[in-house]
file work.cif (mmCIF, N, CA and C atoms and all ligand atoms)
data_run
#
loop_
_atom_site.label_atom_id
_atom_site.label_comp_id
_atom_site.auth_asym_id
_atom_site.auth_seq_id
_atom_site.Cartn_x
_atom_site.Cartn_y
_atom_site.Cartn_z
N MET A 1124 141.88 61.57 243.98
CA MET A 1124 140.43 61.62 244.06
C MET A 1124 140.00 61.13 245.43
N SER A 1125 139.06 61.81 246.00
CA SER A 1125 138.59 61.41 247.32
C SER A 1125 137.18 60.84 247.19
N ASP A 1126 136.83 60.06 248.19
CA ASP A 1126 135.54 59.39 248.17
C ASP A 1126 134.68 59.92 249.30
N SER A 1127 133.39 60.00 249.02
CA SER A 1127 132.47 60.35 250.09
C SER A 1127 131.59 59.14 250.38
N GLN A 1128 131.18 59.07 251.62
CA GLN A 1128 130.29 57.99 252.04
C GLN A 1128 129.15 58.59 252.84
N ILE A 1129 127.97 58.07 252.62
CA ILE A 1129 126.87 58.35 253.53
C ILE A 1129 126.52 57.01 254.16
N ILE A 1130 126.69 56.94 255.47
CA ILE A 1130 126.52 55.67 256.18
C ILE A 1130 125.26 55.76 257.03
N LEU A 1131 124.39 54.79 256.84
CA LEU A 1131 123.21 54.68 257.71
C LEU A 1131 123.47 53.53 258.68
N VAL A 1132 123.52 53.84 259.96
CA VAL A 1132 123.83 52.83 260.97
C VAL A 1132 122.55 52.47 261.71
N ASP A 1133 122.28 51.17 261.80
CA ASP A 1133 121.18 50.69 262.65
C ASP A 1133 121.70 50.66 264.08
N LEU A 1134 121.13 51.49 264.95
CA LEU A 1134 121.66 51.66 266.31
C LEU A 1134 121.12 50.62 267.28
N ASP A 1135 120.13 49.86 266.87
CA ASP A 1135 119.44 48.98 267.82
C ASP A 1135 119.60 47.48 267.54
N VAL A 1136 119.94 47.12 266.31
CA VAL A 1136 119.90 45.69 265.97
C VAL A 1136 120.95 44.92 266.77
N SER A 1137 120.56 43.72 267.19
CA SER A 1137 121.49 42.86 267.94
C SER A 1137 122.44 42.18 266.97
N ALA A 1138 123.54 41.66 267.52
CA ALA A 1138 124.50 40.94 266.68
C ALA A 1138 123.85 39.73 266.03
N ASP A 1139 122.89 39.10 266.74
CA ASP A 1139 122.22 37.92 266.20
C ASP A 1139 121.30 38.26 265.03
N ASP A 1140 120.61 39.40 265.14
CA ASP A 1140 119.64 39.77 264.11
C ASP A 1140 120.27 40.50 262.92
N ALA A 1141 121.45 41.06 263.11
CA ALA A 1141 122.06 41.88 262.05
C ALA A 1141 122.19 41.14 260.71
N PRO A 1142 122.63 39.86 260.70
CA PRO A 1142 122.76 39.17 259.40
C PRO A 1142 121.41 39.00 258.69
N ILE A 1143 120.33 38.84 259.46
CA ILE A 1143 119.00 38.67 258.86
C ILE A 1143 118.57 39.97 258.18
N LEU A 1144 118.75 41.09 258.87
CA LEU A 1144 118.39 42.38 258.29
C LEU A 1144 119.31 42.71 257.11
N ALA A 1145 120.58 42.33 257.24
CA ALA A 1145 121.53 42.61 256.15
C ALA A 1145 121.11 41.89 254.88
N GLU A 1146 120.59 40.67 255.03
CA GLU A 1146 120.15 39.91 253.86
C GLU A 1146 118.98 40.61 253.18
N ARG A 1147 118.06 41.13 253.99
CA ARG A 1147 116.94 41.91 253.44
C ARG A 1147 117.45 43.10 252.63
N VAL A 1148 118.44 43.80 253.20
CA VAL A 1148 118.97 44.99 252.53
C VAL A 1148 119.65 44.60 251.23
N ARG A 1149 120.41 43.51 251.25
CA ARG A 1149 121.11 43.06 250.04
C ARG A 1149 120.11 42.71 248.93
N ARG A 1150 118.99 42.07 249.32
CA ARG A 1150 117.95 41.75 248.32
C ARG A 1150 117.38 43.02 247.71
N TRP A 1151 117.13 44.02 248.58
CA TRP A 1151 116.60 45.30 248.12
C TRP A 1151 117.57 45.97 247.13
N VAL A 1152 118.86 45.92 247.46
CA VAL A 1152 119.88 46.54 246.60
C VAL A 1152 119.88 45.85 245.23
N LEU A 1153 119.73 44.52 245.23
CA LEU A 1153 119.69 43.78 243.97
C LEU A 1153 118.45 44.11 243.16
N VAL A 1154 117.31 44.08 243.82
CA VAL A 1154 116.04 44.34 243.13
C VAL A 1154 116.01 45.74 242.54
N GLU A 1155 116.51 46.69 243.33
CA GLU A 1155 116.48 48.09 242.87
C GLU A 1155 117.67 48.42 241.96
N ARG A 1156 118.57 47.45 241.81
CA ARG A 1156 119.78 47.64 240.99
C ARG A 1156 120.57 48.87 241.40
N LEU A 1157 120.81 48.97 242.69
CA LEU A 1157 121.54 50.13 243.20
C LEU A 1157 123.04 49.85 243.12
N ASP A 1158 123.79 50.82 242.64
CA ASP A 1158 125.25 50.70 242.59
C ASP A 1158 125.86 51.46 243.75
N GLY A 1159 127.02 50.96 244.19
CA GLY A 1159 127.76 51.70 245.20
C GLY A 1159 127.12 51.66 246.57
N VAL A 1160 126.43 50.56 246.85
CA VAL A 1160 125.83 50.40 248.18
C VAL A 1160 126.48 49.18 248.84
N GLU A 1161 127.04 49.41 250.02
CA GLU A 1161 127.76 48.34 250.70
C GLU A 1161 127.10 48.07 252.05
N VAL A 1162 126.90 46.79 252.36
CA VAL A 1162 126.27 46.40 253.62
C VAL A 1162 127.36 45.82 254.53
N SER A 1163 127.48 46.36 255.72
CA SER A 1163 128.51 45.90 256.66
C SER A 1163 127.86 45.33 257.91
N VAL A 1164 128.24 44.09 258.23
CA VAL A 1164 127.66 43.41 259.39
C VAL A 1164 128.76 43.14 260.40
N GLY A 1165 128.41 43.25 261.66
CA GLY A 1165 129.35 42.94 262.72
C GLY A 1165 129.47 44.13 263.64
N PRO A 1166 129.96 43.91 264.84
CA PRO A 1166 130.14 45.06 265.72
C PRO A 1166 131.23 45.97 265.16
N LEU A 1167 130.81 47.11 264.64
CA LEU A 1167 131.74 48.02 263.98
C LEU A 1167 131.67 49.41 264.60
N VAL A 1168 132.79 50.11 264.49
CA VAL A 1168 132.83 51.54 264.82
C VAL A 1168 132.70 52.29 263.49
N HIS A 1169 131.59 52.97 263.32
CA HIS A 1169 131.37 53.74 262.10
C HIS A 1169 131.84 55.17 262.36
N LEU A 1170 132.78 55.63 261.56
CA LEU A 1170 133.36 56.94 261.83
C LEU A 1170 133.43 57.78 260.57
N PRO A 1171 133.48 59.11 260.74
CA PRO A 1171 133.42 59.99 259.58
C PRO A 1171 134.76 60.28 258.91
N VAL A 1172 135.83 59.64 259.38
CA VAL A 1172 137.18 59.81 258.83
C VAL A 1172 137.54 61.30 258.75
N GLU A 1173 137.68 61.84 257.54
CA GLU A 1173 138.13 63.23 257.44
C GLU A 1173 137.08 64.23 257.91
N ASN A 1174 135.85 63.78 258.05
CA ASN A 1174 134.82 64.68 258.57
C ASN A 1174 134.70 64.60 260.09
N THR A 1175 135.75 64.05 260.73
CA THR A 1175 135.79 64.08 262.20
C THR A 1175 136.04 65.52 262.64
N GLY A 1176 135.30 65.94 263.64
CA GLY A 1176 135.44 67.32 264.13
C GLY A 1176 136.64 67.48 265.04
N GLN A 1177 136.90 68.72 265.43
CA GLN A 1177 138.01 69.04 266.32
C GLN A 1177 137.59 68.95 267.79
N GLN A 1178 136.28 69.05 268.03
CA GLN A 1178 135.81 69.06 269.42
C GLN A 1178 134.51 68.30 269.55
N ALA A 1179 134.47 67.38 270.52
CA ALA A 1179 133.24 66.68 270.86
C ALA A 1179 132.57 67.43 272.01
N VAL A 1180 131.25 67.47 271.97
CA VAL A 1180 130.49 68.22 272.98
C VAL A 1180 129.53 67.26 273.68
N CYS A 1181 129.59 67.26 275.01
CA CYS A 1181 128.63 66.47 275.78
C CYS A 1181 127.26 67.13 275.67
N PRO A 1182 126.22 66.40 275.23
CA PRO A 1182 124.90 67.01 275.09
C PRO A 1182 124.23 67.29 276.42
N THR A 1183 124.78 66.74 277.50
CA THR A 1183 124.18 66.94 278.82
C THR A 1183 124.75 68.18 279.52
N CYS A 1184 126.08 68.31 279.54
CA CYS A 1184 126.68 69.43 280.28
C CYS A 1184 127.35 70.46 279.38
N ASP A 1185 127.39 70.19 278.07
CA ASP A 1185 127.97 71.13 277.10
C ASP A 1185 129.48 71.30 277.21
N ARG A 1186 130.14 70.47 278.02
CA ARG A 1186 131.61 70.55 278.06
C ARG A 1186 132.16 70.04 276.73
N ARG A 1187 133.26 70.68 276.32
CA ARG A 1187 133.90 70.29 275.07
C ARG A 1187 135.20 69.54 275.35
N PHE A 1188 135.49 68.59 274.49
CA PHE A 1188 136.72 67.80 274.61
C PHE A 1188 137.39 67.77 273.25
N ASP A 1189 138.70 67.99 273.24
CA ASP A 1189 139.35 67.89 271.93
C ASP A 1189 139.33 66.44 271.47
N THR A 1190 139.47 66.26 270.18
CA THR A 1190 139.27 64.93 269.59
C THR A 1190 140.22 63.90 270.17
N ALA A 1191 141.48 64.29 270.39
CA ALA A 1191 142.46 63.32 270.91
C ALA A 1191 142.04 62.82 272.29
N THR A 1192 141.58 63.74 273.14
CA THR A 1192 141.13 63.35 274.49
C THR A 1192 139.92 62.44 274.40
N TRP A 1193 138.98 62.80 273.51
CA TRP A 1193 137.76 62.01 273.36
C TRP A 1193 138.09 60.60 272.87
N ILE A 1194 138.98 60.50 271.88
CA ILE A 1194 139.32 59.19 271.32
C ILE A 1194 140.05 58.35 272.37
N GLU A 1195 140.88 59.00 273.17
CA GLU A 1195 141.59 58.26 274.23
C GLU A 1195 140.58 57.64 275.20
N ALA A 1196 139.55 58.42 275.56
CA ALA A 1196 138.52 57.90 276.47
C ALA A 1196 137.68 56.83 275.78
N ALA A 1197 137.47 56.99 274.48
CA ALA A 1197 136.59 56.08 273.74
C ALA A 1197 137.28 54.76 273.39
N ASP A 1198 138.59 54.79 273.31
CA ASP A 1198 139.32 53.64 272.77
C ASP A 1198 138.98 52.31 273.46
N PRO A 1199 139.01 52.24 274.81
CA PRO A 1199 138.67 50.94 275.44
C PRO A 1199 137.23 50.52 275.18
N VAL A 1200 136.33 51.51 275.08
CA VAL A 1200 134.92 51.20 274.79
C VAL A 1200 134.80 50.62 273.38
N PHE A 1201 135.49 51.24 272.43
CA PHE A 1201 135.43 50.77 271.05
C PHE A 1201 136.06 49.38 270.92
N THR A 1202 137.18 49.18 271.61
CA THR A 1202 137.87 47.89 271.53
C THR A 1202 136.96 46.77 272.05
N ALA A 1203 136.32 47.01 273.20
CA ALA A 1203 135.43 45.99 273.77
C ALA A 1203 134.24 45.77 272.84
N TRP A 1204 133.73 46.85 272.23
CA TRP A 1204 132.59 46.73 271.33
C TRP A 1204 132.93 45.84 270.13
N ILE A 1205 134.08 46.12 269.51
CA ILE A 1205 134.49 45.36 268.33
C ILE A 1205 134.67 43.88 268.68
N GLN A 1206 135.14 43.64 269.93
CA GLN A 1206 135.34 42.25 270.35
C GLN A 1206 134.02 41.59 270.76
N GLY A 1207 132.94 42.34 270.71
CA GLY A 1207 131.63 41.78 271.02
C GLY A 1207 131.38 41.62 272.51
N SER A 1208 132.20 42.26 273.34
CA SER A 1208 132.06 42.06 274.78
C SER A 1208 131.72 43.36 275.50
N GLY A 1209 131.42 44.40 274.75
CA GLY A 1209 131.19 45.69 275.41
C GLY A 1209 129.87 46.31 275.05
N MET A 1210 129.50 47.31 275.85
CA MET A 1210 128.28 48.08 275.62
C MET A 1210 128.65 49.37 274.92
N ASP A 1211 127.66 49.92 274.22
CA ASP A 1211 127.84 51.22 273.59
C ASP A 1211 127.52 52.31 274.62
N VAL A 1212 128.43 52.47 275.56
CA VAL A 1212 128.28 53.51 276.59
C VAL A 1212 129.62 54.22 276.73
N LEU A 1213 129.58 55.52 276.43
CA LEU A 1213 130.78 56.33 276.46
C LEU A 1213 130.51 57.52 277.38
N PRO A 1214 130.77 57.32 278.70
CA PRO A 1214 130.37 58.34 279.67
C PRO A 1214 131.14 59.64 279.47
N CYS A 1215 130.47 60.75 279.80
CA CYS A 1215 131.13 62.06 279.76
C CYS A 1215 132.13 62.12 280.90
N PRO A 1216 133.40 62.45 280.61
CA PRO A 1216 134.41 62.55 281.67
C PRO A 1216 134.10 63.68 282.66
N ALA A 1217 133.30 64.66 282.25
CA ALA A 1217 133.01 65.80 283.13
C ALA A 1217 131.81 65.54 284.04
N CYS A 1218 130.67 65.16 283.44
CA CYS A 1218 129.45 65.04 284.25
C CYS A 1218 129.01 63.60 284.47
N GLY A 1219 129.67 62.66 283.79
CA GLY A 1219 129.36 61.25 284.01
C GLY A 1219 128.12 60.75 283.28
N ALA A 1220 127.49 61.60 282.46
CA ALA A 1220 126.31 61.15 281.71
C ALA A 1220 126.66 59.92 280.89
N ALA A 1221 125.81 58.90 280.97
CA ALA A 1221 126.05 57.65 280.23
C ALA A 1221 125.53 57.82 278.81
N LEU A 1222 126.40 58.22 277.91
CA LEU A 1222 126.00 58.53 276.54
C LEU A 1222 126.34 57.37 275.63
N ARG A 1223 125.48 57.17 274.62
CA ARG A 1223 125.89 56.28 273.55
C ARG A 1223 126.77 57.10 272.60
N THR A 1224 127.59 56.40 271.85
CA THR A 1224 128.59 57.09 271.03
C THR A 1224 127.96 58.12 270.09
N HIS A 1225 126.83 57.75 269.46
CA HIS A 1225 126.23 58.67 268.48
C HIS A 1225 125.59 59.88 269.14
N GLU A 1226 125.41 59.85 270.46
CA GLU A 1226 124.77 60.97 271.15
C GLU A 1226 125.74 62.13 271.37
N TRP A 1227 127.03 61.87 271.27
CA TRP A 1227 128.02 62.96 271.37
C TRP A 1227 127.85 63.87 270.17
N ARG A 1228 127.81 65.17 270.43
CA ARG A 1228 127.73 66.14 269.34
C ARG A 1228 129.15 66.58 268.98
N TRP A 1229 129.26 67.13 267.79
CA TRP A 1229 130.56 67.62 267.33
C TRP A 1229 130.41 69.06 266.87
N VAL A 1230 131.37 69.88 267.27
CA VAL A 1230 131.29 71.30 266.91
C VAL A 1230 131.31 71.47 265.40
N ASP A 1231 132.19 70.74 264.75
CA ASP A 1231 132.41 70.99 263.33
C ASP A 1231 132.59 69.68 262.58
N GLY A 1232 131.90 68.65 263.01
CA GLY A 1232 132.09 67.37 262.35
C GLY A 1232 130.87 66.48 262.46
N GLU A 1233 130.99 65.33 261.90
CA GLU A 1233 129.90 64.35 261.83
C GLU A 1233 129.98 63.39 263.01
N PRO A 1234 128.85 62.77 263.35
CA PRO A 1234 128.86 61.84 264.48
C PRO A 1234 129.63 60.55 264.20
N TRP A 1235 129.99 59.89 265.29
CA TRP A 1235 130.50 58.52 265.24
C TRP A 1235 129.35 57.65 265.77
N ALA A 1236 129.36 56.38 265.40
CA ALA A 1236 128.31 55.50 265.91
C ALA A 1236 128.80 54.06 265.97
N LEU A 1237 128.35 53.35 267.00
CA LEU A 1237 128.61 51.91 267.09
C LEU A 1237 127.35 51.18 266.65
N GLY A 1238 127.54 50.14 265.87
CA GLY A 1238 126.37 49.39 265.42
C GLY A 1238 126.77 48.05 264.84
N ASN A 1239 125.78 47.15 264.79
CA ASN A 1239 126.02 45.82 264.22
C ASN A 1239 125.68 45.74 262.73
N LEU A 1240 125.09 46.82 262.21
CA LEU A 1240 124.70 46.84 260.80
C LEU A 1240 124.80 48.26 260.27
N GLY A 1241 125.51 48.40 259.17
CA GLY A 1241 125.63 49.71 258.52
C GLY A 1241 125.48 49.56 257.02
N VAL A 1242 124.84 50.55 256.41
CA VAL A 1242 124.71 50.55 254.94
C VAL A 1242 125.40 51.81 254.43
N THR A 1243 126.38 51.61 253.56
CA THR A 1243 127.18 52.73 253.07
C THR A 1243 126.86 53.01 251.61
N PHE A 1244 126.54 54.25 251.33
CA PHE A 1244 126.34 54.72 249.96
C PHE A 1244 127.64 55.41 249.54
N TRP A 1245 128.34 54.80 248.58
CA TRP A 1245 129.63 55.34 248.14
C TRP A 1245 129.41 56.35 247.02
N ASN A 1246 129.91 57.56 247.25
CA ASN A 1246 129.89 58.60 246.21
C ASN A 1246 128.51 58.83 245.64
N TRP A 1247 127.52 58.74 246.50
CA TRP A 1247 126.16 59.09 246.10
C TRP A 1247 125.94 60.57 246.38
N PRO A 1248 125.11 61.21 245.55
CA PRO A 1248 124.58 62.47 246.06
C PRO A 1248 123.75 62.08 247.27
N GLU A 1249 123.29 63.00 248.03
CA GLU A 1249 122.46 62.66 249.20
C GLU A 1249 121.37 61.69 248.75
N PRO A 1250 121.34 60.44 249.28
CA PRO A 1250 120.29 59.52 248.84
C PRO A 1250 118.92 60.10 249.19
N GLY A 1251 117.99 59.96 248.26
CA GLY A 1251 116.67 60.52 248.49
C GLY A 1251 116.02 59.95 249.74
N ASP A 1252 115.11 60.69 250.28
CA ASP A 1252 114.40 60.24 251.47
C ASP A 1252 113.77 58.86 251.26
N GLU A 1253 113.36 58.58 250.01
CA GLU A 1253 112.70 57.29 249.78
C GLU A 1253 113.65 56.14 250.10
N HIS A 1254 114.94 56.31 249.77
CA HIS A 1254 115.90 55.25 250.09
C HIS A 1254 116.09 55.12 251.60
N HIS A 1255 116.23 56.26 252.26
CA HIS A 1255 116.40 56.21 253.71
C HIS A 1255 115.15 55.63 254.38
N GLU A 1256 113.99 56.04 253.89
CA GLU A 1256 112.75 55.53 254.49
C GLU A 1256 112.65 54.02 254.30
N ARG A 1257 112.99 53.57 253.10
CA ARG A 1257 112.93 52.13 252.83
C ARG A 1257 113.90 51.36 253.73
N LEU A 1258 115.09 51.94 253.90
CA LEU A 1258 116.06 51.28 254.78
C LEU A 1258 115.56 51.21 256.21
N ARG A 1259 114.94 52.28 256.67
CA ARG A 1259 114.42 52.25 258.05
C ARG A 1259 113.37 51.14 258.19
N GLU A 1260 112.57 50.95 257.14
CA GLU A 1260 111.61 49.84 257.18
C GLU A 1260 112.34 48.50 257.25
N LEU A 1261 113.38 48.37 256.39
CA LEU A 1261 114.13 47.11 256.38
C LEU A 1261 114.86 46.89 257.70
N PHE A 1262 115.16 47.97 258.40
CA PHE A 1262 115.79 47.90 259.73
C PHE A 1262 114.73 47.70 260.82
N ASP A 1263 113.52 47.33 260.45
CA ASP A 1263 112.45 47.10 261.43
C ASP A 1263 112.10 48.37 262.22
N GLY A 1264 112.29 49.53 261.62
CA GLY A 1264 111.94 50.77 262.31
C GLY A 1264 112.90 51.18 263.41
N HIS A 1265 114.06 50.52 263.45
CA HIS A 1265 115.06 50.86 264.48
C HIS A 1265 115.53 52.30 264.33
N GLN A 1266 116.06 52.83 265.43
CA GLN A 1266 116.70 54.13 265.41
C GLN A 1266 117.96 54.05 264.52
N THR A 1267 118.19 55.11 263.74
CA THR A 1267 119.35 55.11 262.87
C THR A 1267 120.17 56.37 263.08
N CYS A 1268 121.42 56.30 262.66
CA CYS A 1268 122.31 57.46 262.68
C CYS A 1268 122.87 57.61 261.28
N VAL A 1269 122.89 58.82 260.76
CA VAL A 1269 123.47 59.09 259.45
C VAL A 1269 124.82 59.77 259.64
N ILE A 1270 125.83 59.21 259.00
CA ILE A 1270 127.19 59.78 259.07
C ILE A 1270 127.62 60.14 257.65
N ARG A 1271 127.95 61.40 257.45
CA ARG A 1271 128.47 61.82 256.15
C ARG A 1271 129.99 61.82 256.26
N ALA A 1272 130.60 60.77 255.74
CA ALA A 1272 132.03 60.58 255.89
C ALA A 1272 132.75 61.02 254.62
N HIS A 1273 134.00 61.30 254.80
CA HIS A 1273 134.84 61.66 253.66
C HIS A 1273 136.17 60.98 253.83
N LEU A 1274 136.67 60.38 252.74
CA LEU A 1274 137.94 59.67 252.83
C LEU A 1274 139.02 60.46 252.10
ZN ZN A 1301 128.83 65.97 280.33
#
call {"tool": "encode", "arguments": {"input": "work.cif", "output": "structure tokens"}}
result
Amino acid sequence: MSDSQIILVDLDVSADDAPILAERVRRWVLVERLDGVEVSVGPLVHLPVENTGQQAVCPTCDRRFDTATWIEAADPVFTAWIQGSGMDVLPCPACGAALRTHEWRWVDGEPWALGNLGVTFWNWPEPGDEHHERLRELFDGHQTCVIRAHL
């Protein structure tokens, strides 16, 4: 049996503020009695696992990179991010555009995103807009990225 995840990543929250927002989300999950909702705090790389595409596309110059090449370039950025010492900047090897991880498009896959707070819906049908809207409020209106992952 395989599992699906829909991950909502807060793209803007700082490491300091993430635990405060996470507590708000956990209270909401309790009050609404939601099952299968997991709150993850900390500098994390949120990835789509089996829904990773074969080719990443730079949104600025449209050059394509196979996944192995892209991950090789991303690896030091992700490592520094997880250690809390890096920025979410993954420049295009072709044109040098300073892209955030979630800004990379994928030909046939879901985005990756770096963030200090993520909310994962395990094996949910697509959560209704009301849940996403409520989460965006709890995230203080921050920009979010949705990743439909598959394990
Ligand atoms: Zn480019």
call {"tool": "residues_near_ligand", "arguments": {"input": "work.cif", "ligand": "ligand ZN 1301 (chain A)", "cutoff": "8 Å", "atoms": "all atoms listed in the file", "output": "list in words"}}
result
Val1180, Cys1181, Pro1182, Thr1183, Cys1184, Asp1185, Arg1186, Arg1187, Pro1214, Cys1215, Pro1216, Ala1217, Cys1218, Gly1219, Ala1220 and Ala1221 of chain A
call {"tool": "closest_residue", "arguments": {"input": "work.cif", "among": "A:Gln1128, A:Leu1237, A:Gln1178, A:Asp1135", "to": "Phe1201 (chain A)", "atoms": "all atoms listed in the file"}}
result
A:Leu1237
call {"tool": "residues_around", "arguments": {"input": "work.cif", "residues": "region 1140-1155 of chain A", "least_positions_apart": "2", "cutoff": "6 Å", "atoms": "all atoms listed in the file", "output": "PyMOL selection string"}}
result
chain A and resi 1136-1138+1157+1239-1240+1261
call {"tool": "write_last_selection", "arguments": {"input": "work.cif", "atoms": "N, CA and C atoms", "output": "mmCIF file, in the coordinates of the input"}}
result
data_model
loop_
_atom_site.group_PDB
_atom_site.id
_atom_site.type_symbol
_atom_site.label_atom_id
_atom_site.label_comp_id
_atom_site.auth_asym_id
_atom_site.auth_seq_id
_atom_site.Cartn_x
_atom_site.Cartn_y
_atom_site.Cartn_z
ATOM 1 N N VAL A 1136 119.940 47.120 266.310
ATOM 2 C CA VAL A 1136 119.900 45.690 265.970
ATOM 3 C C VAL A 1136 120.950 44.920 266.770
ATOM 4 N N SER A 1137 120.560 43.720 267.190
ATOM 5 C CA SER A 1137 121.490 42.860 267.940
ATOM 6 C C SER A 1137 122.440 42.180 266.970
ATOM 7 N N ALA A 1138 123.540 41.660 267.520
ATOM 8 C CA ALA A 1138 124.500 40.940 266.680
ATOM 9 C C ALA A 1138 123.850 39.730 266.030
ATOM 10 N N LEU A 1157 120.810 48.970 242.690
ATOM 11 C CA LEU A 1157 121.540 50.130 243.200
ATOM 12 C C LEU A 1157 123.040 49.850 243.120
ATOM 13 N N ASN A 1239 125.780 47.150 264.790
ATOM 14 C CA ASN A 1239 126.020 45.820 264.220
ATOM 15 C C ASN A 1239 125.680 45.740 262.730
ATOM 16 N N LEU A 1240 125.090 46.820 262.210
ATOM 17 C CA LEU A 1240 124.700 46.840 260.800
ATOM 18 C C LEU A 1240 124.800 48.260 260.270
ATOM 19 N N LEU A 1261 113.380 48.370 256.390
ATOM 20 C CA LEU A 1261 114.130 47.110 256.380
ATOM 21 C C LEU A 1261 114.860 46.890 257.700
#
call {"tool": "residues_around", "arguments": {"input": "work.cif", "residues": "Ala1191 (chain A)", "least_positions_apart": "6", "cutoff": "8 Å", "atoms": "all atoms listed in the file", "output": "NGL selection string"}}
result
:A and (1176-1179 or 1197)
call {"tool": "write_last_selection", "arguments": {"input": "work.cif", "atoms": "N, CA and C atoms", "output": "compact mmCIF listing (two decimals), keeping the file's coordinate frame"}}
result
# COMPACT_ATOMS: atom_id res chain seq x y z
N GLY A 1176 135.30 65.94 263.64
CA GLY A 1176 135.44 67.32 264.13
C GLY A 1176 136.64 67.48 265.04
N GLN A 1177 136.90 68.72 265.43
CA GLN A 1177 138.01 69.04 266.32
C GLN A 1177 137.59 68.95 267.79
N GLN A 1178 136.28 69.05 268.03
CA GLN A 1178 135.81 69.06 269.42
C GLN A 1178 134.51 68.30 269.55
N ALA A 1179 134.47 67.38 270.52
CA ALA A 1179 133.24 66.68 270.86
C ALA A 1179 132.57 67.43 272.01
N ALA A 1197 137.47 56.99 274.48
CA ALA A 1197 136.59 56.08 273.74
C ALA A 1197 137.28 54.76 273.39
call {"tool": "atom_distance", "arguments": {"input": "work.cif", "atom1": "CA of Leu1134 (chain A)", "atom2": "CA of Glu1173 (chain A)"}}
result
22.0 Å
call {"tool": "select_by_dssp", "arguments": {"input": "work.cif", "residues": "region 1128-1256 of chain A", "states": "helix (DSSP H, G or I)", "output": "PyMOL selection string"}}
result
chain A and resi 1141-1154+1190-1205+1224-1226+1252-1256
call {"tool": "atom_distance", "arguments": {"input": "work.cif", "atom1": "CA of Trp1229 (chain A)", "atom2": "CA of His1169 (chain A)"}}
result
14.9 Å
call {"tool": "residues_around", "arguments": {"input": "work.cif", "residues": "region 1209-1213 of chain A", "least_positions_apart": "3", "cutoff": "5 Å", "atoms": "all atoms listed in the file", "output": "ChimeraX atom specification"}}
result
/A:1203-1204,1222-1224
call {"tool": "residues_around", "arguments": {"input": "work.cif", "residues": "region 1231-1233 of chain A", "least_positions_apart": "6", "cutoff": "7 Å", "atoms": "only C-alpha atoms", "output": "PyMOL selection string"}}
result
chain A and resi 1171+1174-1177+1270-1271
call {"tool": "write_last_selection", "arguments": {"input": "work.cif", "atoms": "N, CA and C atoms", "output": "compact mmCIF listing (two decimals), keeping the file's coordinate frame"}}
result
# COMPACT_ATOMS: atom_id res chain seq x y z
N PRO A 1171 133.48 59.11 260.74
CA PRO A 1171 133.42 59.99 259.58
C PRO A 1171 134.76 60.28 258.91
N ASN A 1174 135.85 63.78 258.05
CA ASN A 1174 134.82 64.68 258.57
C ASN A 1174 134.70 64.60 260.09
N THR A 1175 135.75 64.05 260.73
CA THR A 1175 135.79 64.08 262.20
C THR A 1175 136.04 65.52 262.64
N GLY A 1176 135.30 65.94 263.64
CA GLY A 1176 135.44 67.32 264.13
C GLY A 1176 136.64 67.48 265.04
N GLN A 1177 136.90 68.72 265.43
CA GLN A 1177 138.01 69.04 266.32
C GLN A 1177 137.59 68.95 267.79
N ILE A 1270 125.83 59.21 259.00
CA ILE A 1270 127.19 59.78 259.07
C ILE A 1270 127.62 60.14 257.65
N ARG A 1271 127.95 61.40 257.45
CA ARG A 1271 128.47 61.82 256.15
C ARG A 1271 129.99 61.82 256.26
call {"tool": "atom_distance", "arguments": {"input": "work.cif", "atom1": "atom N of Glu1253 (chain A)", "atom2": "atom N of Gly1238 (chain A)"}}
result
22.9 Å
call {"tool": "residues_around", "arguments": {"input": "work.cif", "residues": "Val1162 (chain A)", "least_positions_apart": "4", "cutoff": "6.5 Å", "atoms": "all atoms listed in the file", "output": "list in words"}}
result
Gly1241, Val1242 and Thr1243 of chain A
call {"tool": "write_last_selection", "arguments": {"input": "work.cif", "atoms": "N, CA and C atoms", "output": "short mmCIF file (atom, residue, chain, number, x, y, z; two decimals), keeping the file's coordinate frame"}}
result
data_model
loop_
_atom_site.label_atom_id
_atom_site.label_comp_id
_atom_site.auth_asym_id
_atom_site.auth_seq_id
_atom_site.Cartn_x
_atom_site.Cartn_y
_atom_site.Cartn_z
N GLY A 1241 125.51 48.40 259.17
CA GLY A 1241 125.63 49.71 258.52
C GLY A 1241 125.48 49.56 257.02
N VAL A 1242 124.84 50.55 256.41
CA VAL A 1242 124.71 50.55 254.94
C VAL A 1242 125.40 51.81 254.43
N THR A 1243 126.38 51.61 253.56
CA THR A 1243 127.18 52.73 253.07
C THR A 1243 126.86 53.01 251.61
#
call {"tool": "axis_aligned_box", "arguments": {"input": "work.cif", "around": "region 1191-1196 of chain A", "padding_each_side": "8 Å", "output": "JSON"}}
result
{"center_x": 140.1, "center_y": 60.6, "center_z": 273.4, "size_x": 20.8, "size_y": 23.5, "size_z": 22.1}
call {"tool": "closest_residue", "arguments": {"input": "work.cif", "among": "A:Val1200, A:Val1132, A:Val1269, A:Ala1236", "to": "Val1164 (chain A)", "atoms": "only C-alpha atoms"}}
result
A:Val1132
call {"tool": "select_by_dssp", "arguments": {"input": "work.cif", "residues": "chain A", "states": "strand (DSSP E or B)", "output": "number ranges by chain"}}
result
A: 1127-1133, 1160-1169, 1172, 1178-1180, 1187-1189, 1228-1229, 1236-1245, 1267-1273
